[in-house]
file protein13.tsv (TSV, C-alpha atoms)
chain	number	residue	atom	x	y	z
A	1	ALA	CA	-14.69	9.42	-3.07
A	2	GLN	CA	-11.76	7.54	-4.50
A	3	LYS	CA	-12.00	4.06	-5.91
A	4	VAL	CA	-9.58	1.70	-7.60
A	5	THR	CA	-10.81	-1.43	-9.33
A	6	GLN	CA	-8.69	-4.36	-10.36
A	7	ALA	CA	-11.21	-6.61	-12.03
A	8	GLN	CA	-8.85	-9.56	-12.42
A	9	THR	CA	-8.74	-11.39	-9.11
A	10	GLU	CA	-6.32	-14.07	-10.29
A	11	ILE	CA	-4.28	-14.62	-13.42
A	12	SER	CA	-2.32	-17.73	-14.26
A	13	VAL	CA	0.22	-17.83	-17.08
A	14	VAL	CA	3.07	-19.97	-18.24
A	15	GLU	CA	6.59	-18.62	-18.16
A	16	LYS	CA	7.55	-16.38	-21.09
A	17	GLU	CA	3.96	-15.35	-21.75
A	18	ASP	CA	3.10	-11.67	-21.69
A	19	VAL	CA	0.49	-10.64	-19.15
A	20	THR	CA	-1.46	-7.42	-18.59
A	21	LEU	CA	-2.93	-6.42	-15.25
A	22	ASP	CA	-5.83	-4.02	-15.50
A	23	CYS	CA	-6.52	-1.06	-13.24
A	24	VAL	CA	-9.40	1.39	-13.45
A	25	TYR	CA	-9.78	4.28	-11.04
A	26	GLU	CA	-12.34	6.89	-10.04
A	27	THR	CA	-11.57	10.28	-8.59
A	28	ARG	CA	-12.93	13.83	-8.72
A	29	ASP	CA	-9.50	15.32	-8.18
A	30	THR	CA	-7.73	16.81	-11.16
A	31	THR	CA	-4.33	16.17	-9.65
A	32	TYR	CA	-3.52	12.72	-8.40
A	33	TYR	CA	-0.91	10.01	-8.49
A	34	LEU	CA	-1.18	6.41	-9.52
A	35	PHE	CA	1.00	3.59	-8.29
A	36	TRP	CA	1.69	-0.06	-8.72
A	37	TYR	CA	3.02	-2.14	-5.84
A	38	LYS	CA	4.12	-5.75	-5.84
A	39	GLN	CA	3.61	-8.07	-2.87
A	40	PRO	CA	5.66	-11.25	-3.31
A	41	PRO	CA	4.95	-14.38	-1.21
A	42	SER	CA	7.36	-13.07	1.43
A	43	GLY	CA	4.77	-10.38	2.19
A	44	GLU	CA	6.52	-7.04	1.81
A	45	LEU	CA	5.11	-4.29	-0.41
A	46	VAL	CA	7.50	-3.27	-3.16
A	47	PHE	CA	7.04	0.04	-4.96
A	48	LEU	CA	7.13	-0.35	-8.76
A	49	ILE	CA	6.03	2.91	-10.33
A	50	ARG	CA	4.43	6.29	-9.67
A	51	ARG	CA	2.68	8.34	-12.33
A	52	ASN	CA	1.07	11.74	-11.90
A	53	SER	CA	-2.17	12.70	-13.56
A	54	PHE	CA	-0.54	15.18	-15.93
A	55	ASP	CA	1.91	12.72	-17.38
A	56	GLU	CA	0.26	10.30	-19.79
A	57	GLN	CA	3.46	9.04	-21.28
A	58	ASN	CA	3.78	5.30	-21.19
A	59	GLU	CA	6.76	3.95	-19.35
A	60	ILE	CA	8.93	0.93	-19.84
A	61	SER	CA	11.34	-0.49	-17.32
A	62	GLY	CA	12.94	-3.71	-18.44
A	63	ARG	CA	10.18	-6.28	-18.83
A	64	TYR	CA	7.65	-3.99	-17.18
A	65	SER	CA	5.57	-1.39	-18.97
A	66	TRP	CA	2.70	0.82	-17.94
A	67	ASN	CA	-0.08	2.30	-20.05
A	68	PHE	CA	-1.81	5.31	-18.52
A	69	GLN	CA	-4.96	6.51	-20.31
A	70	LYS	CA	-6.71	9.36	-18.61
A	71	SER	CA	-9.63	9.24	-21.06
A	72	THR	CA	-10.58	5.79	-19.81
A	73	SER	CA	-9.24	6.26	-16.24
A	74	SER	CA	-7.01	3.27	-16.64
A	75	PHE	CA	-3.45	2.52	-15.62
A	76	ASN	CA	-2.60	-0.94	-16.89
A	77	PHE	CA	0.57	-2.88	-16.19
A	78	THR	CA	2.16	-5.33	-18.61
A	79	ILE	CA	4.87	-7.84	-17.85
A	80	THR	CA	6.63	-9.11	-20.95
A	81	ALA	CA	8.14	-12.58	-21.03
A	82	SER	CA	6.92	-13.39	-17.53
A	83	GLN	CA	9.10	-15.32	-15.12
A	84	VAL	CA	8.32	-17.46	-12.10
A	85	VAL	CA	9.74	-14.71	-9.86
A	86	ASP	CA	6.98	-12.41	-11.08
A	87	SER	CA	4.48	-14.49	-9.13
A	88	ALA	CA	2.99	-12.11	-6.58
A	89	VAL	CA	-0.01	-10.02	-5.72
A	90	TYR	CA	0.00	-6.73	-7.62
A	91	PHE	CA	-1.78	-3.67	-6.32
A	92	CYS	CA	-2.78	-0.56	-8.16
A	93	ALA	CA	-3.28	2.50	-5.96
A	94	LEU	CA	-4.44	6.10	-6.16
A	95	TRP	CA	-3.21	9.05	-4.11
A	96	PRO	CA	-5.21	12.26	-4.49
A	97	ALA	CA	-3.32	15.52	-4.24
A	98	GLY	CA	-6.11	17.39	-2.52
A	99	GLY	CA	-9.63	17.25	-1.17
A	100	THR	CA	-10.82	15.24	1.79
A	101	SER	CA	-8.86	12.18	0.72
A	102	TYR	CA	-5.59	14.12	0.69
A	103	GLY	CA	-2.78	11.94	1.92
A	104	LYS	CA	-4.70	8.66	1.70
A	105	LEU	CA	-3.48	5.97	-0.61
A	106	THR	CA	-6.47	4.00	-1.92
A	107	PHE	CA	-5.64	0.49	-3.07
A	108	GLY	CA	-7.37	-1.79	-5.51
A	109	GLN	CA	-8.28	-5.30	-4.44
A	110	GLY	CA	-5.09	-6.74	-5.89
A	111	THR	CA	-4.46	-9.25	-8.67
A	112	ILE	CA	-2.81	-12.54	-7.82
A	113	LEU	CA	-0.41	-13.45	-10.61
A	114	THR	CA	0.91	-16.98	-10.79
A	115	VAL	CA	3.58	-17.77	-13.34
A	116	HIS	CA	4.09	-21.47	-13.95
A	117	PRO	CA	7.40	-22.87	-15.17
B	1	ASP	CA	19.89	-0.54	5.93
B	2	THR	CA	16.20	-1.06	6.49
B	3	ALA	CA	14.24	2.07	5.58
B	4	VAL	CA	11.02	1.29	7.44
B	5	SER	CA	11.27	-1.37	10.10
B	6	GLN	CA	8.48	-2.93	12.11
B	7	THR	CA	8.64	-5.16	15.13
B	8	PRO	CA	7.60	-7.80	15.73
B	9	LYS	CA	7.21	-9.55	12.39
B	10	TYR	CA	4.79	-12.07	13.86
B	11	LEU	CA	2.53	-11.63	16.86
B	12	VAL	CA	0.29	-14.36	18.22
B	13	THR	CA	-1.88	-13.54	21.19
B	14	GLN	CA	-5.15	-14.35	22.86
B	15	MET	CA	-8.38	-12.44	22.79
B	16	GLY	CA	-8.59	-9.70	25.37
B	17	ASN	CA	-4.87	-9.04	25.53
B	18	ASP	CA	-3.21	-5.69	24.83
B	19	LYS	CA	-0.33	-5.56	22.37
B	20	SER	CA	1.86	-3.02	20.61
B	21	ILE	CA	3.56	-2.91	17.24
B	22	LYS	CA	6.52	-0.60	16.77
B	23	CYS	CA	7.61	1.19	13.63
B	24	GLU	CA	10.71	3.23	12.87
B	25	GLN	CA	11.88	4.88	9.67
B	26	ASN	CA	15.36	6.19	8.89
B	27	LEU	CA	14.44	8.00	5.69
B	28	GLY	CA	14.03	11.40	7.31
B	29	HIS	CA	10.36	11.45	6.32
B	30	ASP	CA	7.89	13.56	8.25
B	31	THR	CA	4.73	11.54	7.63
B	32	MET	CA	3.99	8.03	8.81
B	33	TYR	CA	1.04	5.70	8.36
B	34	TRP	CA	-0.55	2.50	9.53
B	35	TYR	CA	-2.33	0.32	6.99
B	36	LYS	CA	-4.26	-2.87	7.64
B	37	GLN	CA	-4.34	-5.79	5.19
B	38	ASP	CA	-7.18	-8.21	5.84
B	39	SER	CA	-7.42	-11.89	4.99
B	40	LYS	CA	-8.59	-11.05	1.48
B	41	LYS	CA	-5.45	-8.97	0.90
B	42	PHE	CA	-7.37	-5.70	0.95
B	43	LEU	CA	-5.25	-2.78	2.15
B	44	LYS	CA	-6.81	0.15	3.96
B	45	ILE	CA	-5.38	3.14	5.76
B	46	MET	CA	-5.93	3.40	9.49
B	47	PHE	CA	-3.94	6.40	10.68
B	48	SER	CA	-1.46	8.97	9.53
B	49	TYR	CA	0.83	11.28	11.48
B	50	ASN	CA	2.66	14.31	10.15
B	51	ASN	CA	5.41	15.65	12.41
B	52	LYS	CA	3.87	13.85	15.38
B	53	GLU	CA	0.42	15.29	14.66
B	54	LEU	CA	-2.50	13.00	13.84
B	55	ILE	CA	-3.83	13.99	10.41
B	56	ILE	CA	-5.77	10.96	9.26
B	57	ASN	CA	-7.94	8.84	11.51
B	58	GLU	CA	-10.18	6.48	9.63
B	59	THR	CA	-13.13	4.77	11.25
B	60	VAL	CA	-11.03	2.55	13.44
B	61	PRO	CA	-12.24	1.23	16.83
B	62	ASN	CA	-11.03	3.18	19.86
B	63	ARG	CA	-9.14	0.08	20.94
B	64	PHE	CA	-6.52	1.09	18.38
B	65	SER	CA	-4.33	3.96	19.52
B	66	PRO	CA	-1.36	5.22	17.53
B	67	LYS	CA	1.46	7.06	19.25
B	68	SER	CA	4.21	9.06	17.63
B	69	PRO	CA	6.97	10.04	20.08
B	70	ASP	CA	8.92	11.68	17.26
B	71	LYS	CA	8.62	11.90	13.52
B	72	ALA	CA	10.76	8.81	12.99
B	73	HIS	CA	8.53	6.56	15.08
B	74	LEU	CA	4.89	5.56	14.94
B	75	ASN	CA	3.69	2.83	17.24
B	76	LEU	CA	0.33	1.10	17.26
B	77	HIS	CA	-1.20	-0.05	20.51
B	78	ILE	CA	-4.23	-2.33	20.47
B	79	ASN	CA	-6.35	-2.92	23.56
B	80	SER	CA	-8.69	-5.83	24.24
B	81	LEU	CA	-7.76	-7.71	21.10
B	82	GLU	CA	-10.54	-9.43	19.16
B	83	LEU	CA	-10.51	-12.24	16.62
B	84	GLY	CA	-11.34	-9.76	13.87
B	85	ASP	CA	-8.14	-7.86	14.54
B	86	SER	CA	-6.16	-10.68	12.97
B	87	ALA	CA	-4.50	-9.16	9.92
B	88	VAL	CA	-1.20	-7.91	8.59
B	89	TYR	CA	-0.40	-4.38	9.72
B	90	PHE	CA	1.90	-2.28	7.58
B	91	CYS	CA	3.70	0.82	8.65
B	92	ALA	CA	4.69	3.30	5.93
B	93	SER	CA	6.33	6.68	5.58
B	94	SER	CA	6.53	9.51	3.07
B	95	GLN	CA	7.86	13.02	2.83
B	96	GLY	CA	4.75	15.15	3.28
B	97	ARG	CA	1.22	14.16	2.35
B	98	SER	CA	1.82	14.75	-1.31
B	99	SER	CA	3.17	11.96	-3.40
B	100	TYR	CA	5.04	14.58	-5.41
B	101	ASN	CA	7.91	14.28	-3.01
B	102	SER	CA	7.98	10.56	-2.48
B	103	PRO	CA	5.87	7.46	-2.77
B	104	LEU	CA	4.94	5.53	0.31
B	105	HIS	CA	7.72	3.35	1.62
B	106	PHE	CA	6.31	0.35	3.44
B	107	GLY	CA	7.69	-1.77	6.22
B	108	ASN	CA	7.63	-5.55	5.89
B	109	GLY	CA	4.44	-5.93	7.85
B	110	THR	CA	3.44	-7.46	11.18
B	111	ARG	CA	1.23	-10.50	11.00
B	112	LEU	CA	-1.10	-10.40	14.01
B	113	THR	CA	-3.00	-13.55	14.90
B	114	VAL	CA	-5.58	-13.42	17.66
B	115	THR	CA	-6.71	-16.76	19.03
call {"tool": "encode", "arguments": {"input": "protein13.tsv", "output": "structure tokens"}}
result
Amino acid sequence: AQKVTQAQTEISVVEKEDVTLDCVYETRDTTYYLFWYKQPPSGELVFLIRRNSFDEQNEISGRYSWNFQKSTSSFNFTITASQVVDSAVYFCALWPAGGTSYGKLTFGQGTILTVHP
Amino acid sequence: DTAVSQTPKYLVTQMGNDKSIKCEQNLGHDTMYWYKQDSKKFLKIMFSYNNKELIINETVPNRFSPKSPDKAHLNLHINSLELGDSAVYFCASSQGRSSYNSPLHFGNGTRLTVT
């Protein structure tokens, strides 16, 4: 069975602070993909990043960076110098490449990030 | 150009009614999905179709029936609506069932309220 845990239900920061959103996953598959999605107050789901299980390189995209550590089954997301527009619900998700869960994207519970001016 | 479009965006109806939500994608993908987001923001897959064939059917009540007339469309029909059906329903698409080809592209969601 697949499981994604985002232990932080809500995080509140002040603008320009750095913030890290944690994600821990469980899977028996050796090949899988990990994602982060953003859901702003307007409600749509915005794709941020995809990482496959064989690629443990960290990635940086502007103020966003992701730290994938297979040894601890974690895929954490850091926003540097947060802005009010970063306020949203952030979801981590797992997509197994095989097995009975093939084709199912399993989401974590989401972390509500509020950035105050 | 909207990649995955759902209609309607909002749907308010009474218990016992039957309603449909439509979804269309113009990405040329062959796999489409319905996800449900409950009041606690939890997202869970309901159905998936690949080239008009049902490939994923989670434990969803029989009152929910997906229909895929072609690979660009996946509609969701709900019979005898109940209060607990109130949620946001997201349509999504991808190329194949493997994320190797593409991540899921989501529509903007349909907020269903049953009174």
call {"tool": "interface_residues", "arguments": {"input": "protein13.tsv", "of": "chain B", "to": "chain A", "cutoff": "9 Å", "atoms": "all atoms listed in the file", "output": "MDAnalysis selection string"}}
result
chainID B and resid 40:45 48 55:56 90 96:100 103:109
call {"tool": "closest_residue", "arguments": {"input": "protein13.tsv", "among": "A:Thr20, A:Gln69, A:Asn76, A:Gln2", "to": "Asp55 in chain A", "atoms": "all atoms listed in the file"}}
result
A:Gln69
call {"tool": "residues_around", "arguments": {"input": "protein13.tsv", "residues": "Phe75 in chain A", "least_positions_apart": "4", "cutoff": "7 Å", "atoms": "all atoms listed in the file", "output": "list in words"}}
result
Asp22, Cys23, Val24, Trp66, Asn67, Phe68 and Gln69 of chain A
call {"tool": "closest_residue", "arguments": {"input": "protein13.tsv", "among": "A:Thr30, A:Ser53, A:Ser61, A:Ser12", "to": "Ser87 in chain A", "atoms": "all atoms listed in the file"}}
result
A:Ser12
call {"tool": "residues_around", "arguments": {"input": "protein13.tsv", "residues": "range 63-79 of chain B", "least_positions_apart": "2", "cutoff": "8 Å", "atoms": "all atoms listed in the file", "output": "PyMOL selection string"}}
result
chain B and resi 16-26+28-34+47+49-53+60-61+81+91
call {"tool": "decode", "arguments": {"input": "protein13.tsv", "residues": "range 32-44 of chain B", "atoms": "all heavy atoms", "output": "PDB file, in the first residue's frame"}}
result
ATOM      1  N   MET B  32      -7.653   9.518 -18.378  1.00  0.00           N
ATOM      2  CA  MET B  32      -8.343  10.562 -17.626  1.00  0.00           C
ATOM      3  C   MET B  32      -8.799  10.013 -16.292  1.00  0.00           C
ATOM      4  O   MET B  32      -8.970   8.803 -16.116  1.00  0.00           O
ATOM      5  CB  MET B  32      -9.531  11.109 -18.436  1.00  0.00           C
ATOM      6  CG  MET B  32      -9.081  11.811 -19.705  1.00  0.00           C
ATOM      7  SD  MET B  32     -10.424  12.588 -20.616  1.00  0.00           S
ATOM      8  CE  MET B  32     -10.800  13.994 -19.542  1.00  0.00           C
ATOM      9  N   TYR B  33      -9.000  10.927 -15.348  1.00  0.00           N
ATOM     10  CA  TYR B  33      -9.262  10.551 -13.955  1.00  0.00           C
ATOM     11  C   TYR B  33     -10.330  11.456 -13.347  1.00  0.00           C
ATOM     12  O   TYR B  33     -10.500  12.605 -13.762  1.00  0.00           O
ATOM     13  CB  TYR B  33      -7.995  10.734 -13.101  1.00  0.00           C
ATOM     14  CG  TYR B  33      -6.737  10.111 -13.642  1.00  0.00           C
ATOM     15  CD1 TYR B  33      -6.024  10.716 -14.676  1.00  0.00           C
ATOM     16  CD2 TYR B  33      -6.245   8.918 -13.102  1.00  0.00           C
ATOM     17  CE1 TYR B  33      -4.862  10.157 -15.160  1.00  0.00           C
ATOM     18  CE2 TYR B  33      -5.074   8.354 -13.587  1.00  0.00           C
ATOM     19  CZ  TYR B  33      -4.393   8.983 -14.615  1.00  0.00           C
ATOM     20  OH  TYR B  33      -3.236   8.428 -15.110  1.00  0.00           O
ATOM     21  N   TRP B  34     -10.968  10.914 -12.312  1.00  0.00           N
ATOM     22  CA  TRP B  34     -11.764  11.738 -11.414  1.00  0.00           C
ATOM     23  C   TRP B  34     -11.205  11.567 -10.007  1.00  0.00           C
ATOM     24  O   TRP B  34     -11.003  10.440  -9.541  1.00  0.00           O
ATOM     25  CB  TRP B  34     -13.241  11.338 -11.420  1.00  0.00           C
ATOM     26  CG  TRP B  34     -14.000  11.925 -12.568  1.00  0.00           C
ATOM     27  CD1 TRP B  34     -14.485  11.267 -13.654  1.00  0.00           C
ATOM     28  CD2 TRP B  34     -14.361  13.304 -12.739  1.00  0.00           C
ATOM     29  NE1 TRP B  34     -15.105  12.145 -14.502  1.00  0.00           N
ATOM     30  CE2 TRP B  34     -15.059  13.402 -13.959  1.00  0.00           C
ATOM     31  CE3 TRP B  34     -14.166  14.468 -11.988  1.00  0.00           C
ATOM     32  CZ2 TRP B  34     -15.558  14.605 -14.452  1.00  0.00           C
ATOM     33  CZ3 TRP B  34     -14.656  15.661 -12.478  1.00  0.00           C
ATOM     34  CH2 TRP B  34     -15.346  15.721 -13.689  1.00  0.00           C
ATOM     35  N   TYR B  35     -10.951  12.717  -9.365  1.00  0.00           N
ATOM     36  CA  TYR B  35     -10.523  12.740  -7.975  1.00  0.00           C
ATOM     37  C   TYR B  35     -11.554  13.512  -7.168  1.00  0.00           C
ATOM     38  O   TYR B  35     -12.177  14.443  -7.665  1.00  0.00           O
ATOM     39  CB  TYR B  35      -9.163  13.438  -7.830  1.00  0.00           C
ATOM     40  CG  TYR B  35      -7.981  12.560  -8.146  1.00  0.00           C
ATOM     41  CD1 TYR B  35      -7.615  12.298  -9.463  1.00  0.00           C
ATOM     42  CD2 TYR B  35      -7.230  11.987  -7.128  1.00  0.00           C
ATOM     43  CE1 TYR B  35      -6.535  11.484  -9.748  1.00  0.00           C
ATOM     44  CE2 TYR B  35      -6.140  11.177  -7.401  1.00  0.00           C
ATOM     45  CZ  TYR B  35      -5.803  10.930  -8.719  1.00  0.00           C
ATOM     46  OH  TYR B  35      -4.730  10.122  -8.998  1.00  0.00           O
ATOM     47  N   LYS B  36     -11.667  13.134  -5.895  1.00  0.00           N
ATOM     48  CA  LYS B  36     -12.593  13.820  -4.994  1.00  0.00           C
ATOM     49  C   LYS B  36     -11.776  14.459  -3.874  1.00  0.00           C
ATOM     50  O   LYS B  36     -10.910  13.810  -3.280  1.00  0.00           O
ATOM     51  CB  LYS B  36     -13.596  12.828  -4.410  1.00  0.00           C
ATOM     52  CG  LYS B  36     -14.582  13.445  -3.419  1.00  0.00           C
ATOM     53  CD  LYS B  36     -15.541  12.374  -2.888  1.00  0.00           C
ATOM     54  CE  LYS B  36     -16.521  12.979  -1.878  1.00  0.00           C
ATOM     55  NZ  LYS B  36     -17.461  11.961  -1.340  1.00  0.00           N
ATOM     56  N   GLN B  37     -12.071  15.735  -3.601  1.00  0.00           N
ATOM     57  CA  GLN B  37     -11.430  16.425  -2.483  1.00  0.00           C
ATOM     58  C   GLN B  37     -12.490  16.738  -1.444  1.00  0.00           C
ATOM     59  O   GLN B  37     -13.431  17.499  -1.709  1.00  0.00           O
ATOM     60  CB  GLN B  37     -10.739  17.708  -2.934  1.00  0.00           C
ATOM     61  CG  GLN B  37      -9.955  18.386  -1.811  1.00  0.00           C
ATOM     62  CD  GLN B  37      -9.146  19.572  -2.277  1.00  0.00           C
ATOM     63  OE1 GLN B  37      -9.606  20.369  -3.090  1.00  0.00           O
ATOM     64  NE2 GLN B  37      -7.923  19.703  -1.771  1.00  0.00           N
ATOM     65  N   ASP B  38     -12.348  16.151  -0.264  1.00  0.00           N
ATOM     66  CA  ASP B  38     -13.367  16.345   0.773  1.00  0.00           C
ATOM     67  C   ASP B  38     -13.159  17.654   1.526  1.00  0.00           C
ATOM     68  O   ASP B  38     -12.274  18.443   1.202  1.00  0.00           O
ATOM     69  CB  ASP B  38     -13.397  15.142   1.724  1.00  0.00           C
ATOM     70  CG  ASP B  38     -12.097  14.970   2.495  1.00  0.00           C
ATOM     71  OD1 ASP B  38     -11.343  15.953   2.663  1.00  0.00           O
ATOM     72  OD2 ASP B  38     -11.837  13.845   2.953  1.00  0.00           O
ATOM     73  N   SER B  39     -13.981  17.855   2.532  1.00  0.00           N
ATOM     74  CA  SER B  39     -13.973  19.126   3.259  1.00  0.00           C
ATOM     75  C   SER B  39     -12.665  19.357   4.011  1.00  0.00           C
ATOM     76  O   SER B  39     -12.333  20.487   4.353  1.00  0.00           O
ATOM     77  CB  SER B  39     -15.150  19.189   4.233  1.00  0.00           C
ATOM     78  OG  SER B  39     -15.085  18.101   5.136  1.00  0.00           O
ATOM     79  N   LYS B  40     -11.931  18.281   4.264  1.00  0.00           N
ATOM     80  CA  LYS B  40     -10.637  18.418   4.935  1.00  0.00           C
ATOM     81  C   LYS B  40      -9.489  18.513   3.941  1.00  0.00           C
ATOM     82  O   LYS B  40      -8.324  18.382   4.302  1.00  0.00           O
ATOM     83  CB  LYS B  40     -10.413  17.232   5.887  1.00  0.00           C
ATOM     84  CG  LYS B  40     -11.411  17.203   7.031  1.00  0.00           C
ATOM     85  CD  LYS B  40     -11.110  16.085   8.005  1.00  0.00           C
ATOM     86  CE  LYS B  40     -12.100  16.115   9.154  1.00  0.00           C
ATOM     87  NZ  LYS B  40     -11.868  15.034  10.130  1.00  0.00           N
ATOM     88  N   LYS B  41      -9.829  18.729   2.685  1.00  0.00           N
ATOM     89  CA  LYS B  41      -8.839  18.929   1.615  1.00  0.00           C
ATOM     90  C   LYS B  41      -8.182  17.630   1.154  1.00  0.00           C
ATOM     91  O   LYS B  41      -7.249  17.686   0.356  1.00  0.00           O
ATOM     92  CB  LYS B  41      -7.746  19.928   2.022  1.00  0.00           C
ATOM     93  CG  LYS B  41      -8.259  21.313   2.317  1.00  0.00           C
ATOM     94  CD  LYS B  41      -8.624  22.016   1.040  1.00  0.00           C
ATOM     95  CE  LYS B  41      -8.951  23.478   1.280  1.00  0.00           C
ATOM     96  NZ  LYS B  41      -9.352  24.149   0.047  1.00  0.00           N
ATOM     97  N   PHE B  42      -8.641  16.502   1.663  1.00  0.00           N
ATOM     98  CA  PHE B  42      -8.008  15.250   1.275  1.00  0.00           C
ATOM     99  C   PHE B  42      -8.440  14.847  -0.131  1.00  0.00           C
ATOM    100  O   PHE B  42      -9.633  14.816  -0.429  1.00  0.00           O
ATOM    101  CB  PHE B  42      -8.358  14.144   2.276  1.00  0.00           C
ATOM    102  CG  PHE B  42      -7.629  12.870   2.019  1.00  0.00           C
ATOM    103  CD1 PHE B  42      -6.253  12.802   2.130  1.00  0.00           C
ATOM    104  CD2 PHE B  42      -8.312  11.726   1.647  1.00  0.00           C
ATOM    105  CE1 PHE B  42      -5.568  11.623   1.879  1.00  0.00           C
ATOM    106  CE2 PHE B  42      -7.636  10.538   1.399  1.00  0.00           C
ATOM    107  CZ  PHE B  42      -6.267  10.491   1.516  1.00  0.00           C
ATOM    108  N   LEU B  43      -7.456  14.521  -0.959  1.00  0.00           N
ATOM    109  CA  LEU B  43      -7.695  14.157  -2.357  1.00  0.00           C
ATOM    110  C   LEU B  43      -7.570  12.657  -2.539  1.00  0.00           C
ATOM    111  O   LEU B  43      -6.574  12.062  -2.154  1.00  0.00           O
ATOM    112  CB  LEU B  43      -6.664  14.826  -3.262  1.00  0.00           C
ATOM    113  CG  LEU B  43      -6.936  16.271  -3.652  1.00  0.00           C
ATOM    114  CD1 LEU B  43      -5.643  17.000  -3.922  1.00  0.00           C
ATOM    115  CD2 LEU B  43      -7.833  16.329  -4.879  1.00  0.00           C
ATOM    116  N   LYS B  44      -8.576  12.067  -3.207  1.00  0.00           N
ATOM    117  CA  LYS B  44      -8.534  10.629  -3.408  1.00  0.00           C
ATOM    118  C   LYS B  44      -9.062  10.288  -4.796  1.00  0.00           C
ATOM    119  O   LYS B  44     -10.050  10.867  -5.255  1.00  0.00           O
ATOM    120  CB  LYS B  44      -9.377   9.927  -2.342  1.00  0.00           C
ATOM    121  CG  LYS B  44      -9.164   8.421  -2.279  1.00  0.00           C
ATOM    122  CD  LYS B  44      -9.918   7.832  -1.108  1.00  0.00           C
ATOM    123  CE  LYS B  44      -9.597   6.373  -0.845  1.00  0.00           C
ATOM    124  NZ  LYS B  44      -9.476   5.495  -1.983  1.00  0.00           N
TER     125      LYS B  44
END
